[in-house]
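Participant: Compact mmCIF, all heavy atoms, file final.txt:
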```txt
# COMPACT_ATOMS: atom_id res chain seq x y z
N MET X 1 -24.11 -10.11 -6.40
CA MET X 1 -23.06 -10.33 -5.43
C MET X 1 -23.10 -9.26 -4.33
O MET X 1 -23.03 -9.58 -3.16
CB MET X 1 -21.71 -10.32 -6.16
CG MET X 1 -20.54 -10.59 -5.27
SD MET X 1 -20.60 -12.28 -4.69
CE MET X 1 -19.10 -12.38 -3.82
N ARG X 2 -23.25 -8.02 -4.71
CA ARG X 2 -23.31 -6.96 -3.71
C ARG X 2 -24.54 -7.09 -2.83
O ARG X 2 -24.49 -6.81 -1.64
CB ARG X 2 -23.33 -5.59 -4.38
CG ARG X 2 -22.01 -5.20 -4.98
CD ARG X 2 -22.09 -3.81 -5.52
NE ARG X 2 -20.86 -3.49 -6.25
CZ ARG X 2 -20.60 -2.32 -6.75
NH1 ARG X 2 -21.48 -1.34 -6.64
NH2 ARG X 2 -19.48 -2.10 -7.39
N LEU X 3 -25.66 -7.50 -3.45
CA LEU X 3 -26.89 -7.67 -2.68
C LEU X 3 -26.71 -8.75 -1.63
O LEU X 3 -27.15 -8.60 -0.48
CB LEU X 3 -28.06 -8.01 -3.61
CG LEU X 3 -29.40 -8.22 -2.93
CD1 LEU X 3 -29.83 -6.95 -2.20
CD2 LEU X 3 -30.45 -8.62 -3.94
N ARG X 4 -26.05 -9.85 -1.99
CA ARG X 4 -25.82 -10.92 -1.02
C ARG X 4 -24.96 -10.44 0.13
O ARG X 4 -25.24 -10.76 1.29
CB ARG X 4 -25.13 -12.10 -1.71
CG ARG X 4 -26.08 -12.97 -2.46
CD ARG X 4 -25.38 -14.22 -2.87
NE ARG X 4 -25.78 -14.54 -4.23
CZ ARG X 4 -25.15 -15.32 -5.05
NH1 ARG X 4 -24.03 -15.89 -4.68
NH2 ARG X 4 -25.61 -15.55 -6.25
N LEU X 5 -23.92 -9.69 -0.18
CA LEU X 5 -23.06 -9.17 0.89
C LEU X 5 -23.82 -8.19 1.78
O LEU X 5 -23.66 -8.20 3.01
CB LEU X 5 -21.83 -8.49 0.30
CG LEU X 5 -20.80 -9.43 -0.34
CD1 LEU X 5 -19.70 -8.62 -1.01
CD2 LEU X 5 -20.22 -10.36 0.70
N PHE X 6 -24.65 -7.37 1.17
CA PHE X 6 -25.46 -6.43 1.94
C PHE X 6 -26.40 -7.17 2.89
O PHE X 6 -26.50 -6.85 4.07
CB PHE X 6 -26.25 -5.52 1.00
CG PHE X 6 -27.24 -4.65 1.71
CD1 PHE X 6 -26.82 -3.56 2.43
CD2 PHE X 6 -28.60 -4.95 1.66
CE1 PHE X 6 -27.75 -2.76 3.10
CE2 PHE X 6 -29.51 -4.16 2.33
CZ PHE X 6 -29.09 -3.07 3.04
N LEU X 7 -27.11 -8.17 2.34
CA LEU X 7 -28.04 -8.93 3.17
C LEU X 7 -27.32 -9.69 4.28
O LEU X 7 -27.82 -9.78 5.40
CB LEU X 7 -28.85 -9.88 2.29
CG LEU X 7 -29.82 -9.21 1.33
CD1 LEU X 7 -30.49 -10.24 0.45
CD2 LEU X 7 -30.84 -8.38 2.08
N ALA X 8 -26.14 -10.22 3.98
CA ALA X 8 -25.36 -10.90 5.01
C ALA X 8 -24.95 -9.91 6.10
O ALA X 8 -25.00 -10.23 7.29
CB ALA X 8 -24.13 -11.56 4.39
N GLY X 9 -24.57 -8.70 5.71
CA GLY X 9 -24.21 -7.68 6.69
C GLY X 9 -25.39 -7.27 7.55
O GLY X 9 -25.25 -7.07 8.76
N VAL X 10 -26.55 -7.14 6.94
CA VAL X 10 -27.75 -6.80 7.71
C VAL X 10 -28.07 -7.91 8.70
O VAL X 10 -28.38 -7.64 9.86
CB VAL X 10 -28.95 -6.56 6.75
CG1 VAL X 10 -30.26 -6.50 7.52
CG2 VAL X 10 -28.74 -5.30 5.95
N LEU X 11 -27.97 -9.16 8.26
CA LEU X 11 -28.25 -10.28 9.15
C LEU X 11 -27.29 -10.31 10.33
O LEU X 11 -27.70 -10.46 11.49
CB LEU X 11 -28.17 -11.60 8.37
CG LEU X 11 -28.47 -12.86 9.18
CD1 LEU X 11 -29.88 -12.81 9.73
CD2 LEU X 11 -28.27 -14.08 8.31
N VAL X 12 -26.02 -10.13 10.06
CA VAL X 12 -25.03 -10.10 11.15
C VAL X 12 -25.30 -8.92 12.08
O VAL X 12 -25.24 -9.06 13.30
CB VAL X 12 -23.60 -10.04 10.58
CG1 VAL X 12 -22.58 -9.76 11.67
CG2 VAL X 12 -23.26 -11.34 9.86
N GLY X 13 -25.63 -7.77 11.52
CA GLY X 13 -25.93 -6.60 12.34
C GLY X 13 -27.12 -6.82 13.24
O GLY X 13 -27.12 -6.41 14.40
N VAL X 14 -28.14 -7.49 12.72
CA VAL X 14 -29.33 -7.77 13.54
C VAL X 14 -28.99 -8.75 14.65
O VAL X 14 -29.45 -8.61 15.78
CB VAL X 14 -30.47 -8.32 12.64
CG1 VAL X 14 -31.59 -8.91 13.47
CG2 VAL X 14 -31.02 -7.21 11.75
N LEU X 15 -28.16 -9.73 14.32
CA LEU X 15 -27.82 -10.74 15.32
C LEU X 15 -26.96 -10.19 16.46
O LEU X 15 -27.07 -10.64 17.59
CB LEU X 15 -27.11 -11.92 14.65
CG LEU X 15 -27.98 -12.77 13.72
CD1 LEU X 15 -27.14 -13.82 13.02
CD2 LEU X 15 -29.12 -13.42 14.48
N VAL X 16 -26.10 -9.23 16.16
CA VAL X 16 -25.20 -8.70 17.20
C VAL X 16 -25.66 -7.36 17.75
O VAL X 16 -24.94 -6.73 18.52
CB VAL X 16 -23.75 -8.59 16.68
CG1 VAL X 16 -23.23 -9.94 16.28
CG2 VAL X 16 -23.64 -7.60 15.55
N ALA X 17 -26.83 -6.91 17.37
CA ALA X 17 -27.35 -5.62 17.85
C ALA X 17 -27.56 -5.69 19.36
O ALA X 17 -27.97 -6.71 19.89
CB ALA X 17 -28.66 -5.29 17.14
N PRO X 18 -27.29 -4.59 20.05
CA PRO X 18 -27.43 -4.60 21.51
C PRO X 18 -28.88 -4.65 21.99
O PRO X 18 -29.15 -5.07 23.08
CB PRO X 18 -26.77 -3.29 21.93
CG PRO X 18 -26.83 -2.42 20.74
CD PRO X 18 -26.76 -3.33 19.55
N ALA X 19 -29.82 -4.24 21.16
CA ALA X 19 -31.23 -4.25 21.55
C ALA X 19 -31.78 -5.67 21.48
O ALA X 19 -31.18 -6.56 20.86
CB ALA X 19 -32.03 -3.33 20.63
N SER X 20 -32.91 -5.88 22.08
CA SER X 20 -33.53 -7.20 22.03
C SER X 20 -34.00 -7.47 20.60
O SER X 20 -34.18 -6.56 19.78
CB SER X 20 -34.71 -7.27 22.98
OG SER X 20 -35.80 -6.52 22.48
N GLY X 21 -34.21 -8.71 20.29
CA GLY X 21 -34.64 -9.10 18.95
C GLY X 21 -35.96 -8.46 18.56
O GLY X 21 -36.15 -8.02 17.44
N ARG X 22 -36.88 -8.39 19.52
CA ARG X 22 -38.19 -7.80 19.23
C ARG X 22 -38.07 -6.32 18.89
O ARG X 22 -38.69 -5.84 17.94
CB ARG X 22 -39.09 -7.99 20.45
CG ARG X 22 -40.50 -7.57 20.21
CD ARG X 22 -41.35 -7.92 21.41
NE ARG X 22 -42.76 -7.78 21.06
CZ ARG X 22 -43.74 -8.06 21.87
NH1 ARG X 22 -43.48 -8.54 23.06
NH2 ARG X 22 -44.97 -7.89 21.49
N GLU X 23 -37.26 -5.59 19.65
CA GLU X 23 -37.07 -4.17 19.38
C GLU X 23 -36.39 -3.96 18.03
O GLU X 23 -36.73 -3.03 17.30
CB GLU X 23 -36.22 -3.54 20.48
CG GLU X 23 -36.92 -3.43 21.81
CD GLU X 23 -35.99 -2.95 22.91
OE1 GLU X 23 -34.81 -2.67 22.62
OE2 GLU X 23 -36.44 -2.85 24.05
N THR X 24 -35.45 -4.82 17.71
CA THR X 24 -34.74 -4.71 16.44
C THR X 24 -35.69 -4.91 15.28
O THR X 24 -35.67 -4.15 14.31
CB THR X 24 -33.60 -5.74 16.38
OG1 THR X 24 -32.72 -5.51 17.48
CG2 THR X 24 -32.83 -5.61 15.09
N TRP X 25 -36.54 -5.94 15.36
CA TRP X 25 -37.48 -6.19 14.26
C TRP X 25 -38.49 -5.05 14.14
O TRP X 25 -38.88 -4.67 13.03
CB TRP X 25 -38.19 -7.52 14.45
CG TRP X 25 -37.29 -8.68 14.13
CD1 TRP X 25 -36.86 -9.62 14.99
CD2 TRP X 25 -36.69 -8.98 12.86
NE1 TRP X 25 -36.03 -10.49 14.35
CE2 TRP X 25 -35.91 -10.14 13.05
CE3 TRP X 25 -36.75 -8.39 11.60
CZ2 TRP X 25 -35.18 -10.71 12.01
CZ3 TRP X 25 -36.02 -8.97 10.56
CH2 TRP X 25 -35.26 -10.11 10.77
N GLN X 26 -38.93 -4.48 15.27
CA GLN X 26 -39.84 -3.34 15.21
C GLN X 26 -39.17 -2.15 14.56
O GLN X 26 -39.79 -1.45 13.75
CB GLN X 26 -40.33 -2.98 16.61
CG GLN X 26 -41.32 -3.95 17.18
CD GLN X 26 -41.71 -3.63 18.61
OE1 GLN X 26 -41.09 -2.78 19.26
NE2 GLN X 26 -42.72 -4.30 19.11
N MET X 27 -37.91 -1.91 14.88
CA MET X 27 -37.17 -0.81 14.28
C MET X 27 -37.04 -1.02 12.76
O MET X 27 -37.26 -0.10 11.98
CB MET X 27 -35.79 -0.69 14.90
CG MET X 27 -34.96 0.44 14.34
SD MET X 27 -33.26 0.43 14.95
CE MET X 27 -32.66 -1.09 14.25
N LEU X 28 -36.70 -2.25 12.35
CA LEU X 28 -36.57 -2.54 10.93
C LEU X 28 -37.91 -2.39 10.20
O LEU X 28 -37.97 -1.86 9.10
CB LEU X 28 -36.02 -3.95 10.72
CG LEU X 28 -34.56 -4.16 11.10
CD1 LEU X 28 -34.19 -5.63 11.00
CD2 LEU X 28 -33.65 -3.32 10.23
N ARG X 29 -38.98 -2.85 10.85
CA ARG X 29 -40.31 -2.71 10.25
C ARG X 29 -40.69 -1.24 10.08
O ARG X 29 -41.20 -0.84 9.03
CB ARG X 29 -41.34 -3.42 11.13
CG ARG X 29 -42.74 -3.41 10.53
CD ARG X 29 -43.75 -3.85 11.53
NE ARG X 29 -43.81 -2.84 12.60
CZ ARG X 29 -44.32 -3.06 13.79
NH1 ARG X 29 -44.79 -4.23 14.11
NH2 ARG X 29 -44.35 -2.09 14.68
N ASN X 30 -40.41 -0.44 11.09
CA ASN X 30 -40.73 0.99 11.01
C ASN X 30 -39.90 1.69 9.94
O ASN X 30 -40.40 2.54 9.21
CB ASN X 30 -40.50 1.66 12.36
CG ASN X 30 -41.51 1.19 13.40
OD1 ASN X 30 -42.56 0.67 13.06
ND2 ASN X 30 -41.16 1.37 14.65
N ARG X 31 -38.63 1.31 9.83
CA ARG X 31 -37.76 1.90 8.81
C ARG X 31 -38.24 1.51 7.41
O ARG X 31 -38.25 2.33 6.50
CB ARG X 31 -36.32 1.48 9.02
CG ARG X 31 -35.39 2.17 8.06
CD ARG X 31 -33.96 2.01 8.46
NE ARG X 31 -33.72 2.76 9.70
CZ ARG X 31 -32.57 2.80 10.31
NH1 ARG X 31 -31.56 2.14 9.85
NH2 ARG X 31 -32.43 3.51 11.41
N LEU X 32 -38.65 0.25 7.25
CA LEU X 32 -39.17 -0.20 5.96
C LEU X 32 -40.45 0.55 5.61
O LEU X 32 -40.62 0.99 4.47
CB LEU X 32 -39.43 -1.71 6.00
CG LEU X 32 -40.04 -2.31 4.74
CD1 LEU X 32 -39.10 -2.14 3.55
CD2 LEU X 32 -40.37 -3.77 4.96
N ALA X 33 -41.33 0.73 6.57
CA ALA X 33 -42.57 1.46 6.33
C ALA X 33 -42.28 2.91 5.95
O ALA X 33 -42.90 3.44 5.02
CB ALA X 33 -43.47 1.41 7.56
N ALA X 34 -41.32 3.53 6.60
CA ALA X 34 -40.96 4.91 6.26
C ALA X 34 -40.37 5.00 4.86
O ALA X 34 -40.66 5.93 4.11
CB ALA X 34 -39.98 5.46 7.28
N SER X 35 -39.57 4.01 4.49
CA SER X 35 -38.98 3.99 3.15
C SER X 35 -40.06 3.83 2.09
O SER X 35 -40.04 4.51 1.06
CB SER X 35 -37.97 2.85 3.03
OG SER X 35 -36.93 3.01 3.93
N ILE X 36 -41.01 2.96 2.33
CA ILE X 36 -42.11 2.75 1.39
C ILE X 36 -42.93 4.03 1.25
O ILE X 36 -43.30 4.43 0.15
CB ILE X 36 -42.99 1.57 1.83
CG1 ILE X 36 -42.20 0.27 1.66
CG2 ILE X 36 -44.28 1.52 1.03
CD1 ILE X 36 -42.88 -0.94 2.25
N ASP X 37 -43.21 4.70 2.38
CA ASP X 37 -43.95 5.97 2.34
C ASP X 37 -43.21 7.01 1.50
O ASP X 37 -43.81 7.72 0.70
CB ASP X 37 -44.17 6.51 3.74
CG ASP X 37 -45.22 5.73 4.50
OD1 ASP X 37 -45.99 4.99 3.87
OD2 ASP X 37 -45.25 5.87 5.74
N THR X 38 -41.90 7.09 1.67
CA THR X 38 -41.10 8.05 0.92
C THR X 38 -41.16 7.76 -0.57
O THR X 38 -41.35 8.67 -1.38
CB THR X 38 -39.64 8.02 1.41
OG1 THR X 38 -39.62 8.33 2.80
CG2 THR X 38 -38.80 9.03 0.65
N VAL X 39 -41.01 6.49 -0.94
CA VAL X 39 -41.06 6.11 -2.36
C VAL X 39 -42.43 6.43 -2.94
O VAL X 39 -42.53 6.95 -4.06
CB VAL X 39 -40.71 4.62 -2.52
CG1 VAL X 39 -41.02 4.13 -3.92
CG2 VAL X 39 -39.25 4.39 -2.20
N LEU X 40 -43.48 6.15 -2.20
CA LEU X 40 -44.84 6.44 -2.70
C LEU X 40 -45.05 7.94 -2.87
O LEU X 40 -45.68 8.38 -3.83
CB LEU X 40 -45.88 5.83 -1.77
CG LEU X 40 -45.97 4.31 -1.80
CD1 LEU X 40 -46.96 3.83 -0.76
CD2 LEU X 40 -46.36 3.81 -3.18
N ARG X 41 -44.54 8.73 -1.93
CA ARG X 41 -44.67 10.17 -2.04
C ARG X 41 -43.93 10.69 -3.27
O ARG X 41 -44.42 11.57 -3.98
CB ARG X 41 -44.14 10.86 -0.80
CG ARG X 41 -45.12 10.86 0.32
CD ARG X 41 -44.70 11.80 1.44
NE ARG X 41 -45.26 11.32 2.69
CZ ARG X 41 -44.57 10.98 3.73
NH1 ARG X 41 -43.28 11.05 3.74
NH2 ARG X 41 -45.18 10.55 4.82
N LEU X 42 -42.74 10.18 -3.49
CA LEU X 42 -41.97 10.60 -4.66
C LEU X 42 -42.66 10.18 -5.95
O LEU X 42 -42.66 10.92 -6.94
CB LEU X 42 -40.56 10.01 -4.61
CG LEU X 42 -39.64 10.58 -3.54
CD1 LEU X 42 -38.33 9.78 -3.51
CD2 LEU X 42 -39.36 12.04 -3.76
N GLY X 43 -43.27 8.99 -5.94
CA GLY X 43 -43.96 8.50 -7.12
C GLY X 43 -45.22 9.29 -7.45
O GLY X 43 -45.54 9.50 -8.61
N THR X 44 -45.92 9.75 -6.43
CA THR X 44 -47.16 10.48 -6.68
C THR X 44 -46.91 11.95 -7.01
O THR X 44 -47.73 12.59 -7.64
CB THR X 44 -48.11 10.39 -5.48
OG1 THR X 44 -47.45 10.89 -4.32
CG2 THR X 44 -48.55 8.97 -5.25
N SER X 45 -45.76 12.48 -6.59
CA SER X 45 -45.48 13.89 -6.85
C SER X 45 -44.95 14.11 -8.26
O SER X 45 -44.96 15.23 -8.75
CB SER X 45 -44.50 14.44 -5.83
OG SER X 45 -43.24 13.84 -6.00
N ALA X 46 -44.49 13.06 -8.91
CA ALA X 46 -43.90 13.21 -10.26
C ALA X 46 -44.96 13.28 -11.33
O ALA X 46 -46.07 13.05 -11.21
CB ALA X 46 -42.97 12.04 -10.55
```
Would you mind writing the file's structure down as structure tokens?
Facilitator:
Amino acid sequence: MRLRLFLAGVLVGVLVAPASGRETWQMLRNRLAASIDTVLRLGTSA
């Protein structure tokens, strides 16, 4: 239930964001890539 609400909030946020759709998707892609890098770094350091 919380995941659905979170995803709905993200979708609404993307739709009403002041930046263009292309810039928004690039920002989300870059943030996802940074998150994956962080998780991989944490996984390899343990």
Participant: Suppose you want the space between atom N of X:Asn30 and atom CG2 of X:Val14; what is it in Å?
Facilitator: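 Taking atom N of X:Asn30 as the start and atom CG2 of X:Val14 as the end point, the length is 11.6 Å.
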Participant: What is the distance, in Å and to one decimal place, between atom O of X:Trp25 and atom O of X:Leu42?
Facilitator: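 Between these atoms lies a distance of 25.6 Å.
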Participant: Between atom N of X:Val39 and atom C of X:Gln26, what is the distance, to one decimal in Å?
Facilitator: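 Computing the Euclidean distance for atom N of X:Val39 and atom C of X:Gln26 yields 17.8 Å.
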